[in-house]
>>> print(open('model.txt').read())   # compact mmCIF, C-alpha atoms
# COMPACT_ATOMS: atom_id res chain seq x y z
CA MET E 1 34.02 -31.44 86.45
CA TYR E 2 31.06 -31.15 84.12
CA ALA E 3 27.70 -32.74 83.55
CA VAL E 4 25.28 -33.14 80.65
CA ILE E 5 21.71 -32.24 81.58
CA ARG E 6 18.40 -32.15 79.75
CA ALA E 7 16.16 -29.11 80.15
CA GLY E 8 13.36 -27.94 77.91
CA GLY E 9 13.92 -30.71 75.37
CA LYS E 10 17.57 -29.72 74.80
CA GLN E 11 20.83 -31.01 76.23
CA TYR E 12 23.43 -28.76 77.84
CA ARG E 13 27.01 -29.41 78.95
CA VAL E 14 27.44 -27.48 82.20
CA ALA E 15 30.16 -26.87 84.77
CA PRO E 16 29.93 -25.10 88.14
CA GLY E 17 29.71 -21.35 87.57
CA ASP E 18 28.30 -21.56 84.02
CA VAL E 19 25.29 -19.45 83.06
CA ILE E 20 22.93 -21.12 80.57
CA ARG E 21 19.71 -19.96 78.90
CA VAL E 22 17.03 -22.62 79.05
CA GLU E 23 13.37 -22.63 78.10
CA LYS E 24 11.14 -20.75 80.53
CA LEU E 25 11.11 -22.58 83.89
CA ALA E 26 8.45 -22.45 86.59
CA THR E 27 10.56 -21.61 89.64
CA GLY E 28 9.65 -21.26 93.29
CA THR E 29 10.00 -18.11 95.35
CA ASP E 30 13.58 -18.85 96.41
CA GLY E 31 14.99 -18.93 92.85
CA ARG E 32 16.64 -22.35 93.19
CA VAL E 33 16.46 -24.85 90.32
CA ASN E 34 17.11 -28.59 90.41
CA PHE E 35 17.75 -30.40 87.12
CA PRO E 36 16.48 -33.98 87.63
CA GLU E 37 17.58 -35.37 84.26
CA VAL E 38 21.36 -35.76 84.41
CA LEU E 39 22.55 -37.74 81.37
CA ALA E 40 26.30 -37.96 82.03
CA VAL E 41 28.83 -36.75 84.59
CA SER E 42 32.60 -36.26 84.31
CA GLY E 43 34.57 -37.13 87.41
CA GLY E 44 37.58 -34.87 86.97
CA GLU E 45 40.44 -36.71 85.22
CA GLY E 46 38.44 -37.37 82.08
CA LYS E 47 36.34 -40.13 83.68
CA ILE E 48 32.80 -40.08 82.40
CA GLY E 49 30.17 -42.00 84.31
CA LYS E 50 26.53 -42.64 83.85
CA PRO E 51 24.56 -41.11 86.69
CA GLU E 52 23.19 -44.31 88.17
CA ALA E 53 24.31 -43.22 91.63
CA GLU E 54 22.00 -40.18 91.94
CA ALA E 55 23.81 -37.23 90.37
CA LYS E 56 22.45 -33.77 91.20
CA VAL E 57 22.80 -30.50 89.34
CA LEU E 58 21.62 -27.38 91.18
CA GLY E 59 21.33 -23.83 89.94
CA GLU E 60 19.95 -20.42 90.76
CA VAL E 61 17.86 -18.15 88.55
CA VAL E 62 19.81 -15.14 87.33
CA GLU E 63 17.36 -13.58 84.88
CA GLU E 64 14.09 -14.17 83.09
CA GLY E 65 13.36 -12.53 79.78
CA ARG E 66 12.53 -12.87 76.14
CA GLY E 67 14.94 -13.39 73.27
CA ALA E 68 15.30 -11.41 70.07
CA LYS E 69 12.37 -11.27 67.66
CA ILE E 70 12.35 -13.85 64.88
CA LEU E 71 10.34 -12.98 61.77
CA VAL E 72 8.51 -15.83 60.04
CA PHE E 73 7.50 -15.00 56.47
CA HIS E 74 5.35 -17.34 54.35
CA PHE E 75 5.16 -16.63 50.63
CA LYS E 76 3.68 -18.41 47.64
CA ARG E 77 4.56 -16.89 44.30
CA LYS E 78 1.93 -16.14 41.68
CA LYS E 79 -0.85 -16.69 44.25
CA GLN E 80 -0.72 -13.32 46.06
CA TYR E 81 -0.18 -15.11 49.38
CA LYS E 82 2.03 -13.44 51.98
CA LYS E 83 1.95 -13.85 55.73
CA LEU E 84 4.35 -12.23 58.21
CA ARG E 85 4.49 -13.24 61.86
CA GLY E 86 6.92 -12.49 64.65
CA HIS E 87 7.96 -14.60 67.65
CA ARG E 88 9.97 -13.97 70.81
CA GLN E 89 10.96 -17.02 72.84
CA SER E 90 10.88 -16.73 76.63
CA TYR E 91 13.96 -17.93 78.51
CA THR E 92 15.33 -18.32 81.99
CA ALA E 93 19.04 -17.69 82.61
CA VAL E 94 20.34 -20.13 85.25
CA ARG E 95 23.75 -20.10 86.97
CA ILE E 96 24.95 -23.60 87.86
CA THR E 97 25.96 -23.57 91.52
CA GLU E 98 26.67 -27.23 92.33
CA ILE E 99 27.23 -30.62 90.72
CA ALA E 100 27.12 -33.57 93.12
CA PHE E 101 28.04 -37.12 92.04
CA ASP E 102 29.38 -40.23 93.75
CA GLY E 103 29.91 -38.55 97.13
CA GLN E 104 31.76 -35.59 95.61
CA SER E 105 30.36 -32.10 95.42
CA PHE E 106 31.75 -29.39 93.15
CA LYS E 107 30.51 -25.89 93.94
CA ALA E 108 30.84 -22.65 91.99
CA PRO E 109 32.69 -19.78 93.65
CA ASP E 110 30.47 -17.07 95.10
CA ILE E 111 30.08 -13.91 93.08
CA ALA E 112 30.79 -10.70 94.96
CA LYS E 113 27.86 -8.32 94.69
CA LYS E 114 28.70 -4.89 93.33
CA GLN E 115 28.48 -2.08 95.83
CA PRO E 116 26.96 1.19 94.59
CA LYS E 117 29.45 4.03 94.29
CA VAL E 118 29.12 6.76 96.90
CA LYS E 119 29.38 10.29 95.59
CA LYS E 120 31.67 12.46 97.65
CA ALA E 121 30.53 16.03 98.20
CA ALA E 122 33.28 18.56 98.87
CA PRO E 123 32.48 20.35 102.14
CA VAL E 124 32.76 24.14 101.87
CA GLU E 125 33.66 25.82 105.11
CA GLU E 126 32.50 29.39 105.74
CA HIS E 127 35.76 30.89 106.98
CA GLU E 128 37.69 29.54 103.99
CA ALA E 129 35.14 30.98 101.57
CA GLU E 130 35.42 34.44 103.17
CA ALA E 131 39.21 34.39 103.32
CA ALA E 132 39.68 33.67 99.65
CA PRO E 133 38.62 36.65 97.52
CA ALA E 134 36.32 35.86 94.65
CA LYS E 135 38.11 35.86 91.32
CA LYS E 136 36.64 38.05 88.66
CA LYS E 137 36.07 36.47 85.33
CA THR E 138 37.87 38.35 82.62
CA LYS E 139 36.47 38.38 79.17
CA LYS E 140 38.89 37.56 76.39
CA LYS E 141 39.29 40.29 73.88
CA SER E 142 38.64 39.11 70.38
CA ALA E 143 40.65 40.27 67.41
CA PRO E 144 39.18 43.35 65.70
CA LYS E 145 37.16 42.61 62.62
CA LYS E 146 38.73 43.64 59.36
CA ALA E 147 36.67 45.57 56.90
CA ALA E 148 35.93 43.75 53.69
CA LYS E 149 37.81 45.04 50.67
CA LYS E 150 35.68 46.77 48.15
CA SER E 151 35.87 45.41 44.69
CA ALA E 152 37.62 47.35 41.98
CA ALA E 153 34.40 47.72 40.02
CA LYS E 154 32.74 49.76 42.77
CA LYS E 155 35.78 52.02 43.16
CA LYS E 156 35.73 53.13 39.53
CA LYS E 157 32.23 54.56 39.85
>>> encode(input="model.txt", output="structure tokens")
Amino acid sequence: MYAVIRAGGKQYRVAPGDVIRVEKLATGTDGRVNFPEVLAVSGGEGKIGKPEAEAKVLGEVVEEGRGAKILVFHFKRKKQYKKLRGHRQSYTAVRITEIAFDGQSFKAPDIAKKQPKVKKAAPVEEHEAEAAPAKKKTKKKSAPKKAAKKSAAKKKK
């Protein structure tokens, strides 16, 4: 099941569970997004229908941010004209949660939220610490340094 939607002047082919980056959207406080312009809907076995019977595509906001910087450089030779500008396009990442069409509703599976790892501290008991004698650290003996050989020229003197 997939649908073709229009958002921000562009068309996207989406399926439940897809994450798409669209132009910056004004969203409410709950983070839900409804795409009103549904251009086409696939019914499953390759059937494609026009959404005359009120198709709905719903999503939830995953992230809002800005894309990579694009440098725009204008140059006219022999005229000493150079202009450099940068641009970063704002986007909203949306996860498609549901596509509803013709009495059918296709929902994306829920994503399990990651649980933070719990650090385990090893408990040290007092009577065990006293019973085990502390090990002394032994220093490794290094090999003795060899004296440098004197050159033959110095020996003759």
>>> closest_residue(input="model.txt", among="E:Lys146, E:Arg66, E:His74, E:Lys141", to="Ser90 in chain E", atoms="all atoms listed in the file")
E:Arg66
>>> atom_distance(input="model.txt", atom1="CA of Lys107 in chain E", atom2="CA of Gly9 in chain E")
25.4 Å
>>> atom_distance(input="model.txt", atom1="CA of Lys83 in chain E", atom2="CA of Leu71 in chain E")
10.4 Å
>>> atom_distance(input="model.txt", atom1="CA of Gly43 in chain E", atom2="CA of Glu63 in chain E")
29.3 Å
>>> closest_residue(input="model.txt", among="E:Val14, E:Leu58, E:Ile20, E:Ile70", to="Gln89 in chain E", atoms="only C-alpha atoms")
E:Ile70
>>> closest_residue(input="model.txt", among="E:Lys24, E:Val33, E:Thr97, E:Phe106", to="Gly67 in chain E", atoms="all atoms listed in the file")
E:Lys24
>>> residues_near_point(input="model.txt", point="(19.7, -36.4, 82.9)", cutoff="10 Å", atoms="all atoms listed in the file", output="short mmCIF file (atom, residue, chain, number, x, y, z; two decimals) with C-alpha atoms, in the coordinates of the input")
data_model
loop_
_atom_site.label_atom_id
_atom_site.label_comp_id
_atom_site.auth_asym_id
_atom_site.auth_seq_id
_atom_site.Cartn_x
_atom_site.Cartn_y
_atom_site.Cartn_z
CA ALA E 3 27.70 -32.74 83.55
CA VAL E 4 25.28 -33.14 80.65
CA ILE E 5 21.71 -32.24 81.58
CA ARG E 6 18.40 -32.15 79.75
CA ALA E 7 16.16 -29.11 80.15
CA GLN E 11 20.83 -31.01 76.23
CA TYR E 12 23.43 -28.76 77.84
CA PHE E 35 17.75 -30.40 87.12
CA PRO E 36 16.48 -33.98 87.63
CA GLU E 37 17.58 -35.37 84.26
CA VAL E 38 21.36 -35.76 84.41
CA LEU E 39 22.55 -37.74 81.37
CA ALA E 40 26.30 -37.96 82.03
CA VAL E 41 28.83 -36.75 84.59
CA LYS E 50 26.53 -42.64 83.85
CA PRO E 51 24.56 -41.11 86.69
CA ALA E 55 23.81 -37.23 90.37
CA LYS E 56 22.45 -33.77 91.20
CA VAL E 57 22.80 -30.50 89.34
#
>>> closest_residue(input="model.txt", among="E:Lys140, E:Lys10, E:Arg95, E:Lys120", to="Glu23 in chain E", atoms="only C-alpha atoms")
E:Lys10
>>> build_atoms(input="model.txt", residues="range 4-33 of chain E", atoms="N, CA and C atoms", output="mmCIF file, in the frame of the given file")
data_model
loop_
_atom_site.group_PDB
_atom_site.id
_atom_site.type_symbol
_atom_site.label_atom_id
_atom_site.label_comp_id
_atom_site.auth_asym_id
_atom_site.auth_seq_id
_atom_site.Cartn_x
_atom_site.Cartn_y
_atom_site.Cartn_z
ATOM 1 N N VAL E 4 26.188 -33.357 81.783
ATOM 2 C CA VAL E 4 25.280 -33.140 80.650
ATOM 3 C C VAL E 4 23.876 -33.289 81.198
ATOM 4 N N ILE E 5 23.080 -32.228 81.038
ATOM 5 C CA ILE E 5 21.710 -32.240 81.580
ATOM 6 C C ILE E 5 20.722 -32.038 80.437
ATOM 7 N N ARG E 6 19.473 -32.398 80.698
ATOM 8 C CA ARG E 6 18.400 -32.150 79.750
ATOM 9 C C ARG E 6 17.417 -31.185 80.391
ATOM 10 N N ALA E 7 17.122 -30.107 79.664
ATOM 11 C CA ALA E 7 16.160 -29.110 80.150
ATOM 12 C C ALA E 7 15.452 -28.519 78.953
ATOM 13 N N GLY E 8 14.146 -28.532 78.986
ATOM 14 C CA GLY E 8 13.360 -27.940 77.910
ATOM 15 C C GLY E 8 13.517 -28.647 76.585
ATOM 16 N N GLY E 9 13.781 -29.962 76.608
ATOM 17 C CA GLY E 9 13.920 -30.710 75.370
ATOM 18 C C GLY E 9 15.288 -30.593 74.724
ATOM 19 N N LYS E 10 16.220 -29.884 75.348
ATOM 20 C CA LYS E 10 17.570 -29.720 74.800
ATOM 21 C C LYS E 10 18.575 -30.228 75.822
ATOM 22 N N GLN E 11 19.773 -30.537 75.345
ATOM 23 C CA GLN E 11 20.830 -31.010 76.230
ATOM 24 C C GLN E 11 21.896 -29.928 76.351
ATOM 25 N N TYR E 12 22.433 -29.778 77.563
ATOM 26 C CA TYR E 12 23.430 -28.760 77.840
ATOM 27 C C TYR E 12 24.598 -29.398 78.583
ATOM 28 N N ARG E 13 25.810 -28.991 78.213
ATOM 29 C CA ARG E 13 27.010 -29.410 78.950
ATOM 30 C C ARG E 13 27.321 -28.254 79.899
ATOM 31 N N VAL E 14 27.288 -28.532 81.202
ATOM 32 C CA VAL E 14 27.440 -27.480 82.200
ATOM 33 C C VAL E 14 28.558 -27.811 83.174
ATOM 34 N N ALA E 15 29.138 -26.773 83.730
ATOM 35 C CA ALA E 15 30.160 -26.870 84.770
ATOM 36 C C ALA E 15 29.765 -25.887 85.868
ATOM 37 N N PRO E 16 30.270 -26.056 87.082
ATOM 38 C CA PRO E 16 29.930 -25.100 88.140
ATOM 39 C C PRO E 16 30.367 -23.686 87.773
ATOM 40 N N GLY E 17 29.438 -22.743 87.907
ATOM 41 C CA GLY E 17 29.710 -21.350 87.570
ATOM 42 C C GLY E 17 29.210 -20.938 86.200
ATOM 43 N N ASP E 18 28.809 -21.887 85.349
ATOM 44 C CA ASP E 18 28.300 -21.560 84.020
ATOM 45 C C ASP E 18 26.917 -20.931 84.113
ATOM 46 N N VAL E 19 26.617 -20.042 83.176
ATOM 47 C CA VAL E 19 25.290 -19.450 83.060
ATOM 48 C C VAL E 19 24.714 -19.926 81.729
ATOM 49 N N ILE E 20 23.563 -20.600 81.787
ATOM 50 C CA ILE E 20 22.930 -21.120 80.570
ATOM 51 C C ILE E 20 21.542 -20.534 80.433
ATOM 52 N N ARG E 21 21.086 -20.415 79.186
ATOM 53 C CA ARG E 21 19.710 -19.960 78.900
ATOM 54 C C ARG E 21 18.894 -21.167 78.511
ATOM 55 N N VAL E 22 17.904 -21.485 79.318
ATOM 56 C CA VAL E 22 17.030 -22.620 79.050
ATOM 57 C C VAL E 22 15.629 -22.100 78.782
ATOM 58 N N GLU E 23 14.768 -23.000 78.302
ATOM 59 C CA GLU E 23 13.370 -22.630 78.100
ATOM 60 C C GLU E 23 12.801 -22.132 79.416
ATOM 61 N N LYS E 24 11.763 -21.345 79.334
ATOM 62 C CA LYS E 24 11.140 -20.750 80.530
ATOM 63 C C LYS E 24 10.820 -21.825 81.567
ATOM 64 N N LEU E 25 11.319 -21.637 82.794
ATOM 65 C CA LEU E 25 11.110 -22.580 83.890
ATOM 66 C C LEU E 25 10.135 -21.995 84.900
ATOM 67 N N ALA E 26 9.314 -22.857 85.473
ATOM 68 C CA ALA E 26 8.450 -22.450 86.590
ATOM 69 C C ALA E 26 9.277 -22.637 87.854
ATOM 70 N N THR E 27 9.706 -21.535 88.457
ATOM 71 C CA THR E 27 10.560 -21.610 89.640
ATOM 72 C C THR E 27 9.771 -21.212 90.880
ATOM 73 N N GLY E 28 10.273 -21.631 92.016
ATOM 74 C CA GLY E 28 9.650 -21.260 93.290
ATOM 75 C C GLY E 28 10.039 -19.845 93.673
ATOM 76 N N THR E 29 9.721 -19.467 94.888
ATOM 77 C CA THR E 29 10.000 -18.110 95.350
ATOM 78 C C THR E 29 11.476 -17.913 95.678
ATOM 79 N N ASP E 30 12.187 -18.989 96.004
ATOM 80 C CA ASP E 30 13.580 -18.850 96.410
ATOM 81 C C ASP E 30 14.546 -18.731 95.240
ATOM 82 N N GLY E 31 14.135 -19.062 94.021
ATOM 83 C CA GLY E 31 14.990 -18.930 92.850
ATOM 84 C C GLY E 31 15.967 -20.069 92.651
ATOM 85 N N ARG E 32 15.774 -21.174 93.342
ATOM 86 C CA ARG E 32 16.640 -22.350 93.190
ATOM 87 C C ARG E 32 16.044 -23.280 92.147
ATOM 88 N N VAL E 33 16.905 -23.933 91.368
ATOM 89 C CA VAL E 33 16.460 -24.850 90.320
ATOM 90 C C VAL E 33 17.219 -26.158 90.475
#
